[in-house]
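Text of input.cif (mmCIF, C-alpha atoms and all ligand atoms) as supplied:
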```
data_structure
#
loop_
_atom_site.label_atom_id
_atom_site.label_comp_id
_atom_site.auth_asym_id
_atom_site.auth_seq_id
_atom_site.Cartn_x
_atom_site.Cartn_y
_atom_site.Cartn_z
CA MET Z 1 0.58 -42.99 -40.97
CA ALA Z 2 2.28 -39.59 -41.02
CA LEU Z 3 1.20 -36.58 -43.02
CA ILE Z 4 4.05 -34.88 -44.84
CA VAL Z 5 3.92 -31.57 -46.72
CA GLN Z 6 6.42 -31.54 -49.59
CA LYS Z 7 7.17 -28.20 -51.25
CA PHE Z 8 9.03 -28.08 -54.56
CA GLY Z 9 10.70 -24.84 -55.65
CA GLY Z 10 11.06 -23.49 -59.19
CA THR Z 11 14.14 -25.47 -60.26
CA SER Z 12 12.65 -28.65 -58.82
CA VAL Z 13 9.72 -28.42 -61.27
CA GLY Z 14 11.72 -26.62 -63.99
CA ASP Z 15 10.90 -28.99 -66.88
CA ALA Z 16 8.97 -32.16 -67.72
CA GLU Z 17 11.81 -34.42 -66.58
CA ARG Z 18 12.01 -32.67 -63.20
CA ILE Z 19 8.24 -32.88 -62.80
CA ARG Z 20 8.34 -36.64 -63.46
CA ALA Z 21 11.13 -36.98 -60.87
CA VAL Z 22 8.97 -35.10 -58.34
CA ALA Z 23 6.02 -37.40 -59.08
CA ASP Z 24 8.27 -40.44 -58.55
CA HIS Z 25 9.41 -39.09 -55.19
CA VAL Z 26 5.87 -38.34 -54.03
CA ALA Z 27 4.87 -41.86 -55.09
CA ARG Z 28 7.77 -43.33 -53.06
CA THR Z 29 6.75 -41.29 -50.01
CA ARG Z 30 3.21 -42.69 -50.35
CA MET Z 31 4.52 -46.24 -50.77
CA ALA Z 32 6.34 -45.82 -47.48
CA GLY Z 33 2.93 -45.35 -45.89
CA ASN Z 34 2.62 -41.57 -45.61
CA ASP Z 35 -0.04 -39.11 -46.67
CA VAL Z 36 1.37 -36.30 -48.78
CA VAL Z 37 0.29 -32.76 -49.59
CA VAL Z 38 2.37 -31.23 -52.37
CA VAL Z 39 3.01 -27.49 -52.73
CA VAL Z 40 4.59 -26.20 -55.92
CA SER Z 41 6.27 -23.03 -57.16
CA ALA Z 42 6.16 -21.74 -60.73
CA MET Z 43 8.48 -23.56 -63.15
CA GLY Z 44 12.06 -22.28 -63.27
CA LYS Z 45 12.24 -18.50 -63.60
CA PHE Z 46 8.68 -18.19 -64.88
CA THR Z 47 7.66 -15.65 -62.22
CA ASP Z 48 10.54 -13.37 -63.31
CA ASP Z 49 9.45 -13.73 -66.96
CA LEU Z 50 5.90 -12.72 -66.05
CA ILE Z 51 7.15 -9.67 -64.13
CA ARG Z 52 9.19 -8.63 -67.19
CA LEU Z 53 6.11 -8.98 -69.38
CA ALA Z 54 4.13 -6.81 -66.97
CA ASP Z 55 6.90 -4.19 -67.06
CA ASP Z 56 6.77 -4.19 -70.85
CA VAL Z 57 3.09 -3.29 -70.97
CA SER Z 58 2.67 -1.14 -67.88
CA PRO Z 59 5.01 1.23 -66.07
CA THR Z 60 2.83 1.09 -62.95
CA ARG Z 61 2.04 -2.64 -62.77
CA PRO Z 62 -1.31 -2.35 -60.95
CA PRO Z 63 -0.86 -4.70 -57.95
CA ARG Z 64 -4.21 -6.46 -58.32
CA GLU Z 65 -3.51 -7.35 -61.94
CA LEU Z 66 0.10 -8.25 -61.21
CA ASP Z 67 -1.09 -10.77 -58.62
CA MET Z 68 -3.57 -12.23 -61.09
CA LEU Z 69 -0.77 -12.58 -63.61
CA LEU Z 70 1.84 -14.09 -61.28
CA THR Z 71 -0.45 -16.74 -59.81
CA ALA Z 72 -0.70 -18.22 -63.32
CA GLY Z 73 2.85 -19.56 -62.89
CA GLU Z 74 1.96 -21.81 -59.97
CA ARG Z 75 -1.26 -22.87 -61.70
CA ILE Z 76 0.74 -24.35 -64.56
CA SER Z 77 3.03 -26.37 -62.30
CA MET Z 78 0.24 -27.64 -60.03
CA ALA Z 79 -1.71 -29.05 -62.98
CA LEU Z 80 1.39 -30.61 -64.53
CA VAL Z 81 2.54 -32.20 -61.26
CA SER Z 82 -0.96 -33.56 -60.68
CA MET Z 83 -1.01 -35.04 -64.20
CA ALA Z 84 2.44 -36.57 -63.70
CA LEU Z 85 1.23 -38.16 -60.46
CA GLY Z 86 -1.79 -39.60 -62.29
CA ALA Z 87 0.49 -41.02 -64.99
CA ARG Z 88 2.51 -42.63 -62.21
CA GLY Z 89 -0.63 -44.29 -60.79
CA VAL Z 90 -1.05 -41.88 -57.87
CA GLU Z 91 -4.50 -40.34 -57.67
CA SER Z 92 -4.26 -36.62 -57.24
CA ALA Z 93 -6.05 -33.29 -57.69
CA SER Z 94 -4.67 -29.76 -57.96
CA PHE Z 95 -5.94 -26.74 -56.04
CA THR Z 96 -5.30 -23.02 -56.35
CA GLY Z 97 -4.49 -21.11 -53.17
CA SER Z 98 -8.07 -19.88 -53.09
CA GLN Z 99 -9.48 -23.42 -53.44
CA ALA Z 100 -7.11 -24.55 -50.68
CA GLY Z 101 -8.72 -21.98 -48.36
CA ILE Z 102 -5.76 -19.65 -47.92
CA ILE Z 103 -7.39 -16.38 -46.84
CA THR Z 104 -5.20 -13.29 -46.87
CA ASP Z 105 -5.41 -9.56 -46.26
CA THR Z 106 -5.78 -7.21 -49.24
CA ASP Z 107 -2.14 -6.11 -49.43
CA HIS Z 108 -1.47 -7.17 -53.03
CA THR Z 109 1.99 -8.55 -53.91
CA ARG Z 110 2.85 -9.12 -50.24
CA ALA Z 111 -0.37 -10.34 -48.66
CA LYS Z 112 -0.35 -11.92 -45.20
CA ILE Z 113 -2.33 -15.04 -44.37
CA LEU Z 114 -5.21 -14.26 -42.03
CA GLU Z 115 -6.85 -17.63 -41.88
CA MET Z 116 -6.50 -21.18 -43.20
CA ARG Z 117 -9.62 -23.10 -44.21
CA PRO Z 118 -8.17 -26.13 -45.97
CA ASP Z 119 -11.43 -28.14 -45.98
CA ARG Z 120 -11.04 -29.23 -49.59
CA ILE Z 121 -7.51 -30.42 -48.90
CA ARG Z 122 -8.72 -32.46 -45.94
CA GLU Z 123 -11.51 -33.94 -48.08
CA ALA Z 124 -9.05 -34.83 -50.83
CA LEU Z 125 -6.77 -36.55 -48.31
CA ALA Z 126 -9.72 -38.44 -46.83
CA ALA Z 127 -10.61 -39.61 -50.34
CA GLY Z 128 -7.10 -41.01 -50.72
CA LEU Z 129 -5.84 -38.34 -53.14
CA VAL Z 130 -2.60 -36.43 -53.12
CA PRO Z 131 -3.60 -32.74 -53.15
CA VAL Z 132 -1.23 -30.51 -55.16
CA VAL Z 133 -1.52 -26.90 -54.04
CA ALA Z 134 -0.31 -23.84 -55.93
CA GLY Z 135 2.17 -22.04 -53.69
CA PHE Z 136 2.60 -18.27 -53.19
CA GLN Z 137 -1.08 -17.37 -53.53
CA GLY Z 138 -4.32 -16.88 -51.67
CA VAL Z 139 -7.63 -15.08 -51.84
CA SER Z 140 -8.24 -11.84 -49.98
CA THR Z 141 -11.07 -10.89 -47.69
CA GLU Z 142 -12.26 -8.79 -50.68
CA ARG Z 143 -12.29 -11.99 -52.78
CA ASP Z 144 -9.39 -10.90 -54.97
CA ILE Z 145 -6.47 -13.15 -55.83
CA THR Z 146 -3.32 -12.21 -53.89
CA THR Z 147 0.32 -13.27 -53.72
CA LEU Z 148 2.40 -13.68 -50.58
CA GLY Z 149 5.65 -12.01 -51.70
CA ARG Z 150 8.65 -13.44 -53.56
CA GLY Z 151 9.57 -16.87 -52.32
CA GLY Z 152 6.08 -17.15 -50.82
CA SER Z 153 5.53 -20.82 -51.68
CA ASP Z 154 7.56 -21.58 -48.56
CA VAL Z 155 4.88 -19.77 -46.53
CA THR Z 156 2.10 -21.72 -48.25
CA ALA Z 157 3.82 -24.98 -47.36
CA VAL Z 158 4.39 -24.10 -43.71
CA ALA Z 159 0.87 -22.69 -43.27
CA LEU Z 160 -0.66 -25.86 -44.71
CA ALA Z 161 1.62 -28.08 -42.62
CA SER Z 162 0.50 -26.20 -39.53
CA ALA Z 163 -3.22 -26.17 -40.39
CA LEU Z 164 -3.25 -29.87 -41.27
CA GLY Z 165 -1.05 -30.92 -38.34
CA ALA Z 166 1.63 -32.42 -40.60
CA ALA Z 167 4.53 -34.27 -38.99
CA VAL Z 168 7.05 -32.33 -41.06
CA CYS Z 169 7.25 -29.72 -43.79
CA GLU Z 170 9.88 -30.70 -46.36
CA ILE Z 171 11.27 -27.89 -48.53
CA TYR Z 172 12.83 -29.36 -51.67
CA THR Z 173 15.21 -27.11 -53.53
CA ASP Z 174 18.30 -27.09 -55.75
CA VAL Z 175 20.89 -27.37 -52.96
CA THR Z 176 21.22 -30.13 -50.37
CA GLY Z 177 20.24 -27.99 -47.38
CA VAL Z 178 21.16 -24.82 -45.55
CA PHE Z 179 24.85 -24.04 -45.91
CA SER Z 180 27.36 -21.98 -43.94
CA ALA Z 181 27.17 -19.51 -46.89
CA ASP Z 182 25.46 -19.42 -50.27
CA PRO Z 183 27.18 -22.33 -52.06
CA ARG Z 184 27.07 -20.29 -55.27
CA VAL Z 185 29.31 -17.68 -53.63
CA VAL Z 186 31.51 -19.84 -51.41
CA SER Z 187 32.51 -23.11 -53.05
CA ARG Z 188 33.81 -24.43 -49.72
CA ALA Z 189 30.57 -23.76 -47.83
CA ARG Z 190 29.43 -26.66 -45.65
CA ARG Z 191 25.97 -28.07 -45.22
CA LEU Z 192 24.63 -27.60 -41.70
CA ALA Z 193 22.87 -30.67 -40.32
CA LYS Z 194 20.81 -28.63 -37.86
CA VAL Z 195 20.05 -24.92 -37.55
CA SER Z 196 18.10 -23.29 -34.73
CA PHE Z 197 15.01 -21.23 -35.59
CA ASP Z 198 16.79 -18.15 -34.21
CA GLU Z 199 19.75 -18.59 -36.52
CA MET Z 200 17.58 -19.50 -39.50
CA MET Z 201 15.55 -16.33 -39.06
CA GLU Z 202 18.72 -14.24 -39.11
CA ILE Z 203 20.03 -16.16 -42.14
CA ALA Z 204 16.73 -15.68 -44.01
CA ALA Z 205 16.51 -12.01 -43.03
CA THR Z 206 20.00 -11.22 -44.29
CA GLY Z 207 20.01 -12.76 -47.74
CA GLY Z 208 20.10 -16.57 -47.38
CA ARG Z 209 17.15 -16.95 -49.69
CA VAL Z 210 16.90 -20.72 -49.29
CA LEU Z 211 13.87 -20.16 -46.99
CA MET Z 212 11.61 -17.13 -47.06
CA LEU Z 213 11.83 -15.30 -43.72
CA ARG Z 214 8.09 -15.34 -43.09
CA SER Z 215 7.97 -19.12 -43.49
CA VAL Z 216 10.59 -19.52 -40.76
CA GLU Z 217 8.71 -17.13 -38.42
CA PHE Z 218 5.49 -19.01 -39.07
CA ALA Z 219 7.12 -22.42 -38.53
CA ARG Z 220 8.58 -21.31 -35.23
CA ARG Z 221 5.33 -19.78 -33.97
CA HIS Z 222 3.37 -22.92 -34.82
CA SER Z 223 6.14 -25.44 -34.02
CA VAL Z 224 6.30 -26.90 -37.53
CA PRO Z 225 9.47 -28.98 -38.01
CA LEU Z 226 11.21 -27.88 -41.23
CA HIS Z 227 13.51 -30.03 -43.31
CA VAL Z 228 15.34 -28.33 -46.22
CA ARG Z 229 16.65 -30.82 -48.77
CA SER Z 230 17.51 -31.45 -52.40
CA SER Z 231 15.12 -32.61 -55.11
CA PHE Z 232 18.13 -33.66 -57.15
CA THR Z 233 19.82 -36.04 -54.72
CA TRP Z 234 16.93 -36.66 -52.26
CA GLU Z 235 19.51 -37.10 -49.47
CA PRO Z 236 18.68 -35.87 -45.93
CA GLY Z 237 19.33 -32.14 -45.66
CA THR Z 238 19.10 -29.55 -42.88
CA TRP Z 239 16.63 -29.64 -39.99
CA ILE Z 240 15.44 -26.34 -38.57
CA VAL Z 241 14.78 -27.00 -34.90
CA GLU Z 242 14.25 -25.31 -31.56
CA GLU Z 243 17.58 -24.58 -29.92
CA ASP Z 244 18.68 -27.56 -27.89
CA PRO Z 245 20.27 -26.44 -24.61
CA THR Z 246 22.67 -29.37 -24.67
CA MET Z 247 23.91 -28.46 -28.16
CA GLU Z 248 27.36 -26.87 -28.33
CA GLU Z 249 26.70 -23.59 -30.09
CA ALA Z 250 28.96 -22.62 -32.96
CA VAL Z 251 30.36 -19.14 -32.43
CA VAL Z 252 29.65 -18.33 -36.07
CA SER Z 253 27.65 -20.80 -38.14
CA ALA Z 254 26.87 -18.85 -41.31
CA VAL Z 255 27.91 -15.86 -43.40
CA THR Z 256 25.28 -14.28 -45.63
CA ASP Z 257 25.25 -11.73 -48.42
CA ASP Z 258 22.52 -9.46 -49.67
CA VAL Z 259 22.52 -6.90 -52.47
CA SER Z 260 18.77 -6.38 -52.53
CA GLU Z 261 18.76 -3.21 -50.44
CA ALA Z 262 19.52 0.47 -51.06
CA LYS Z 263 20.54 3.23 -48.68
CA ILE Z 264 18.75 6.53 -48.16
CA THR Z 265 20.37 9.42 -46.31
CA VAL Z 266 18.35 12.31 -44.97
CA GLY Z 267 21.00 14.94 -44.41
CA GLY Z 268 21.20 18.11 -42.36
CA VAL Z 269 18.33 17.41 -39.99
CA PRO Z 270 18.03 19.20 -36.65
CA ASP Z 271 18.96 16.90 -33.76
CA ARG Z 272 15.87 17.11 -31.60
CA PRO Z 273 13.16 14.75 -30.37
CA GLY Z 274 10.38 13.79 -32.80
CA ILE Z 275 12.33 14.05 -36.04
CA ALA Z 276 13.08 10.35 -36.47
CA ALA Z 277 9.55 9.52 -35.33
CA LYS Z 278 8.02 11.69 -38.07
CA LEU Z 279 10.29 10.29 -40.76
CA PHE Z 280 9.78 6.64 -39.92
CA ARG Z 281 6.03 7.07 -39.38
CA GLU Z 282 5.78 8.40 -42.94
CA LEU Z 283 7.64 5.32 -44.22
CA ALA Z 284 5.64 2.89 -42.09
CA ASP Z 285 2.35 4.34 -43.33
CA ARG Z 286 3.43 3.44 -46.86
CA GLY Z 287 4.15 -0.16 -45.84
CA ILE Z 288 7.92 0.21 -46.16
CA ASN Z 289 10.13 -1.99 -44.03
CA VAL Z 290 13.21 -0.16 -42.84
CA ASP Z 291 16.18 -2.33 -42.05
CA MET Z 292 19.44 -0.83 -40.78
CA ILE Z 293 19.37 2.68 -39.31
CA VAL Z 294 22.34 4.86 -38.45
CA GLN Z 295 22.22 8.38 -37.04
CA ASN Z 296 25.46 10.33 -36.96
CA THR Z 297 26.55 12.23 -33.87
CA SER Z 298 25.32 15.74 -34.21
CA GLU Z 299 27.51 18.70 -35.07
CA HIS Z 300 26.20 22.17 -34.28
CA GLY Z 301 22.78 20.65 -33.57
CA MET Z 302 22.51 19.03 -37.01
CA THR Z 303 22.76 15.35 -37.92
CA ASP Z 304 22.28 12.81 -40.77
CA ILE Z 305 20.01 9.78 -40.66
CA SER Z 306 20.81 6.87 -43.01
CA PHE Z 307 18.78 3.71 -43.38
CA THR Z 308 18.32 0.82 -45.78
CA VAL Z 309 15.18 -0.35 -47.57
CA ALA Z 310 14.52 -3.01 -50.22
CA LYS Z 311 15.57 -1.72 -53.66
CA THR Z 312 12.03 -2.40 -54.80
CA ASP Z 313 10.80 0.14 -52.20
CA LEU Z 314 13.45 2.77 -52.97
CA GLU Z 315 11.29 4.95 -55.18
CA VAL Z 316 8.33 5.11 -52.78
CA ALA Z 317 10.65 5.59 -49.79
CA THR Z 318 12.42 8.50 -51.49
CA ILE Z 319 9.08 10.16 -52.25
CA ALA Z 320 8.07 9.72 -48.58
CA CYS Z 321 11.34 11.32 -47.40
CA GLU Z 322 11.01 14.21 -49.83
CA LYS Z 323 7.52 14.78 -48.48
CA VAL Z 324 8.65 15.13 -44.84
CA LYS Z 325 11.90 16.91 -45.73
CA GLY Z 326 10.34 20.37 -45.30
CA GLU Z 327 8.41 19.45 -42.15
CA ILE Z 328 11.48 18.13 -40.35
CA GLY Z 329 13.77 20.83 -41.72
CA ALA Z 330 16.17 18.48 -43.53
CA ALA Z 331 18.66 19.86 -46.04
CA GLN Z 332 18.66 16.99 -48.55
CA VAL Z 333 17.61 13.42 -49.33
CA THR Z 334 20.06 11.21 -51.22
CA SER Z 335 20.01 7.55 -52.16
CA ASP Z 336 22.56 4.91 -53.10
CA ASP Z 337 21.64 1.55 -54.61
CA ASN Z 338 25.21 0.33 -54.98
CA ILE Z 339 25.43 -1.07 -51.49
CA GLY Z 340 25.45 -4.62 -50.22
CA ARG Z 341 25.50 -6.26 -46.85
CA VAL Z 342 27.50 -9.09 -45.31
CA SER Z 343 26.40 -10.66 -42.05
CA ILE Z 344 27.83 -13.26 -39.73
CA ILE Z 345 25.39 -15.32 -37.68
CA GLY Z 346 25.93 -17.63 -34.74
CA ALA Z 347 24.10 -18.48 -31.53
CA GLY Z 348 27.45 -18.81 -29.71
CA MET Z 349 28.36 -15.19 -30.45
CA LYS Z 350 26.54 -14.08 -27.30
CA SER Z 351 29.13 -15.65 -25.04
CA ASN Z 352 32.26 -15.14 -27.13
CA PRO Z 353 34.01 -11.79 -27.11
CA GLY Z 354 36.20 -10.92 -30.06
CA VAL Z 355 33.81 -11.88 -32.84
CA THR Z 356 33.14 -8.28 -33.85
CA ALA Z 357 36.85 -7.45 -33.76
CA LEU Z 358 37.71 -10.42 -36.01
CA MET Z 359 35.01 -9.42 -38.48
CA PHE Z 360 36.24 -5.83 -38.73
CA GLU Z 361 39.90 -6.90 -38.88
CA THR Z 362 39.15 -9.33 -41.70
CA LEU Z 363 37.40 -6.67 -43.74
CA SER Z 364 40.05 -4.04 -43.09
CA ARG Z 365 42.91 -6.41 -43.87
CA ASN Z 366 41.36 -6.85 -47.29
CA GLY Z 367 40.87 -3.13 -47.85
CA ILE Z 368 37.09 -3.32 -47.61
CA ASN Z 369 35.46 -0.22 -46.15
CA ILE Z 370 32.52 -0.56 -43.72
CA GLU Z 371 29.77 2.02 -44.26
CA MET Z 372 27.14 0.97 -41.72
CA ILE Z 373 26.98 -1.58 -38.92
CA SER Z 374 24.09 -3.24 -37.14
CA THR Z 375 23.95 -6.08 -34.65
CA SER Z 376 21.57 -8.40 -32.84
CA SER Z 377 22.61 -10.77 -30.07
CA ILE Z 378 23.45 -13.45 -32.65
CA ARG Z 379 24.28 -11.40 -35.77
CA ILE Z 380 26.63 -8.67 -36.98
CA SER Z 381 25.94 -6.98 -40.33
CA CYS Z 382 28.10 -4.53 -42.28
CA VAL Z 383 27.09 -2.48 -45.28
CA LEU Z 384 29.78 -2.30 -47.97
CA ARG Z 385 30.09 -1.36 -51.64
CA ALA Z 386 28.03 -3.93 -53.56
CA ASP Z 387 30.98 -5.06 -55.69
CA ARG Z 388 33.01 -6.05 -52.61
CA VAL Z 389 30.30 -8.21 -51.01
CA GLU Z 390 31.15 -11.59 -52.50
CA GLU Z 391 34.87 -11.39 -51.69
CA ALA Z 392 33.97 -10.19 -48.18
CA VAL Z 393 31.79 -13.27 -47.66
CA ARG Z 394 34.63 -15.56 -48.77
CA HIS Z 395 37.19 -13.87 -46.51
CA LEU Z 396 34.86 -14.00 -43.49
CA HIS Z 397 33.98 -17.64 -44.18
CA THR Z 398 37.68 -18.50 -44.05
CA ALA Z 399 38.45 -16.25 -41.07
CA PHE Z 400 35.76 -17.87 -38.92
CA GLY Z 401 37.01 -21.38 -39.76
CA LEU Z 402 33.95 -22.38 -41.77
CA ASP Z 403 35.67 -23.58 -44.97
CA ALA Z 404 35.08 -27.26 -45.67
CA ALA Z 405 38.25 -29.33 -45.73
P1 LIG Z 501 13.55 -22.53 -54.68
O1 LIG Z 501 13.21 -22.11 -56.06
O2 LIG Z 501 13.70 -23.99 -54.52
O3 LIG Z 501 12.66 -21.92 -53.64
P2 LIG Z 501 15.58 -20.55 -54.04
O4 LIG Z 501 16.35 -20.06 -55.22
O5 LIG Z 501 14.50 -19.71 -53.48
O6 LIG Z 501 15.03 -22.00 -54.43
O7 LIG Z 501 16.58 -20.94 -52.84
C1 LIG Z 501 17.64 -21.82 -53.06
C2 LIG Z 501 18.92 -21.04 -53.30
O8 LIG Z 501 19.26 -20.32 -52.12
C3 LIG Z 501 20.13 -21.89 -53.57
O9 LIG Z 501 20.25 -22.20 -54.93
C4 LIG Z 501 21.31 -21.04 -53.06
O10 LIG Z 501 22.03 -20.43 -54.11
C5 LIG Z 501 20.61 -19.94 -52.25
N1 LIG Z 501 21.20 -19.76 -50.93
C6 LIG Z 501 21.59 -18.56 -50.41
N2 LIG Z 501 22.12 -18.72 -49.20
C7 LIG Z 501 22.09 -20.05 -48.91
C8 LIG Z 501 22.51 -20.83 -47.79
N3 LIG Z 501 23.07 -20.28 -46.71
N4 LIG Z 501 22.32 -22.17 -47.85
C9 LIG Z 501 21.75 -22.73 -48.94
N5 LIG Z 501 21.34 -22.05 -50.04
C10 LIG Z 501 21.50 -20.71 -50.03
N1 LIG Z 502 7.14 -18.31 -57.82
C1 LIG Z 502 7.25 -17.37 -56.72
C2 LIG Z 502 8.56 -16.63 -56.80
O1 LIG Z 502 9.34 -16.84 -57.71
C3 LIG Z 502 7.07 -18.01 -55.38
C4 LIG Z 502 8.10 -19.04 -54.99
O2 LIG Z 502 8.85 -19.53 -55.85
O3 LIG Z 502 8.16 -19.38 -53.81
O4 LIG Z 502 8.82 -15.77 -55.98
MG MG Z 503 12.55 -20.04 -52.66
#
```

Kindly transcribe the structure held in the file into structure tokens.
Ligand code: ADP
Ligand code: ASP
Ligand code: MG
Amino acid sequence: MALIVQKFGGTSVGDAERIRAVADHVARTRMAGNDVVVVVSAMGKFTDDLIRLADDVSPTRPPRELDMLLTAGERISMALVSMALGARGVESASFTGSQAGIITDTDHTRAKILEMRPDRIREALAAGLVPVVAGFQGVSTERDITTLGRGGSDVTAVALASALGAAVCEIYTDVTGVFSADPRVVSRARRLAKVSFDEMMEIAATGGRVLMLRSVEFARRHSVPLHVRSSFTWEPGTWIVEEDPTMEEAVVSAVTDDVSEAKITVGGVPDRPGIAAKLFRELADRGINVDMIVQNTSEHGMTDISFTVAKTDLEVATIACEKVKGEIGAAQVTSDDNIGRVSIIGAGMKSNPGVTALMFETLSRNGINIEMISTSSIRISCVLRADRVEEAVRHLHTAFGLDAA
């Protein structure tokens, strides 16, 4: 008998009908002779609604209280899914992240899992129950309730699958798998049957929100097979697997878009050793992840440093830059939140020259200006004006021969 972790995202538990459909599917999986652990997200856009409520009462949103508030969303769906399972004749019990033994650090709103102690989940399984675990949450070493960052139910599912030794972690969502581009942006995007962990990490890191990046990293580190599929059609979806050396690698397998970042430019800084170190140390100490970085060639010993951060970190990052501005002798700090990024990803890019040229030609042919560029061995990203991003994705998807027939 195999153990399967099944995670259902917000749309998949969006209303009573969807919750009953989930219960039916879990029941079928049990009938087929498997043990199941269910992980649920908050219903529909409930997490966004709660964040709006918090904004309405508090300009500062104290992180501890915000976490307490947001975890309520998953609590509602776990109880409802458990009840629906009971009504369907499947014995079940719901557990909060804390009850499931998910121990995190104290970094509220983006806590990292330090340890998994899923004893109660094991006991529930041994007693023949289907445990339903609230995704996205844990309890900190200071015994406060924490959340794992937006999209964090994916991390809960993978961490449980790993700790319990599950055969597979199934991520049920509102599309039929991982596509060559966001199907909401590119109507002719194709579903990929298999994606390597390397490619999936790049897709997740550059805007393909179908899987949270940290869940992919975790799954790779702990060798958890991931299967992304639809809770509407239940058909087989996309498997995320270790790269198979016999597999013919697509030169480009996906195009992603991301408008969640903003650009900061620290202008007129002296071009000498130690300046970038000071600046990025200040940002790192405030827990800010910096993504793309570009430093201009210096003129008369002066240069500009531009980098991107999550829009949600823009305010804190700007304060950090203003603080070091004097120390590093910079002239000014400016920011721009009207940027977006398009990326092309493909494991075969390594061995195929001409990919970069085709990307730049495609953008230029369509009059789209590139503001920043960054690359990895299997990815090329360009920063553009935000309002050009979606058309850029569609043009690149066509140019790299990805459009479905
Ligand atoms: P859930 O609530 O189930 O976690 P998400 O909204 O987090 O769902 O992720 C699913 C969404 O990810 C899809 O509706 C789709 O619009 C979006 N998405 C973005 N890029 C891709 C991609 N390359 N393949 C599939 N879906 C993608
Ligand atoms: N409900 C949380 C969110 O909206 C976690 C998740 O859905 O994975 O970010
Ligand atoms: Mg998600």

Can you write out as a Markdown table which residues of chain Z fall within 9 Å of ligand LIG 502 (chain Z), alongside each residue's closest atom pair and its distance in Å to one decimal, counting only C-alpha atoms and all ligand atoms and ordering rows by chain and ascending residue number?
```
| residue | atom | partner | partner_atom | distance |
| --- | --- | --- | --- | --- |
| Z:Phe8 | CA | Z:LIG502 | O2 | 8.6 |
| Z:Gly9 | CA | Z:LIG502 | O2 | 5.6 |
| Z:Gly10 | CA | Z:LIG502 | O2 | 5.6 |
| Z:Val40 | CA | Z:LIG502 | O2 | 7.9 |
| Z:Ser41 | CA | Z:LIG502 | O2 | 4.5 |
| Z:Ala42 | CA | Z:LIG502 | N1 | 4.6 |
| Z:Met43 | CA | Z:LIG502 | N1 | 7.6 |
| Z:Gly44 | CA | Z:LIG502 | O1 | 8.2 |
| Z:Lys45 | CA | Z:LIG502 | O1 | 6.8 |
| Z:Phe46 | CA | Z:LIG502 | N1 | 7.2 |
| Z:Thr47 | CA | Z:LIG502 | O1 | 5.0 |
| Z:Asp48 | CA | Z:LIG502 | O1 | 6.7 |
| Z:Leu70 | CA | Z:LIG502 | N1 | 7.6 |
| Z:Thr71 | CA | Z:LIG502 | N1 | 8.0 |
| Z:Gly73 | CA | Z:LIG502 | N1 | 6.8 |
| Z:Glu74 | CA | Z:LIG502 | N1 | 6.6 |
| Z:Gly135 | CA | Z:LIG502 | O3 | 6.6 |
| Z:Phe136 | CA | Z:LIG502 | C3 | 5.0 |
| Z:Gln137 | CA | Z:LIG502 | C3 | 8.4 |
| Z:Thr147 | CA | Z:LIG502 | C3 | 8.4 |
| Z:Leu148 | CA | Z:LIG502 | C3 | 8.0 |
| Z:Gly149 | CA | Z:LIG502 | O4 | 6.5 |
| Z:Arg150 | CA | Z:LIG502 | O4 | 3.4 |
| Z:Gly151 | CA | Z:LIG502 | O3 | 3.2 |
| Z:Gly152 | CA | Z:LIG502 | O3 | 4.3 |
| Z:Ser153 | CA | Z:LIG502 | O3 | 3.7 |
| Z:Asp154 | CA | Z:LIG502 | O3 | 5.7 |
| Z:Val155 | CA | Z:LIG502 | O3 | 8.0 |
| Z:Thr156 | CA | Z:LIG502 | O3 | 8.6 |
| Z:Leu211 | CA | Z:LIG502 | O3 | 8.9 |
| Z:Met212 | CA | Z:LIG502 | O3 | 7.9 |
```

- Query: How far is it from atom CA of Z:Thr109 to atom CA of Z:Ala161, in Å with one decimal?
  - Reply: 22.6 Å

- With a distance cut-off of 9 Å and all atoms listed in the file, select the neighbouring residues of Z:Gln295, excluding the residue or stretch itself and same-chain residues fewer than 4 positions from it, and output the selection as a ChimeraX atom specification. /Z:303-307

- Task: Find, counting all atoms listed in the file, the residue in Z:Ser215, Z:Asn289, Z:Ser364, Z:Thr11 that gets nearest to ligand LIG 501 (chain Z).
- Result: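 That would be Z:Thr11, the residue with the smallest distance to ligand LIG 501 (chain Z).
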
- For the atom pair atom CA of Z:Asp257 and atom CA of Z:Ile240, what is the interatomic distance in Å to one decimal place?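 Separation between atom CA of Z:Asp257 and atom CA of Z:Ile240: 20.2 Å.
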
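Our summary of the geometry notes that atom CA of Z:Leu363 is positioned 19.1 Å from atom CA of Z:Met292.
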
- Using all atoms listed in the file, which of Z:Ala204, Z:Val294, Z:Ile319, Z:Ile380 sits nearest ligand MG 503 (chain Z)? Z:Ala204
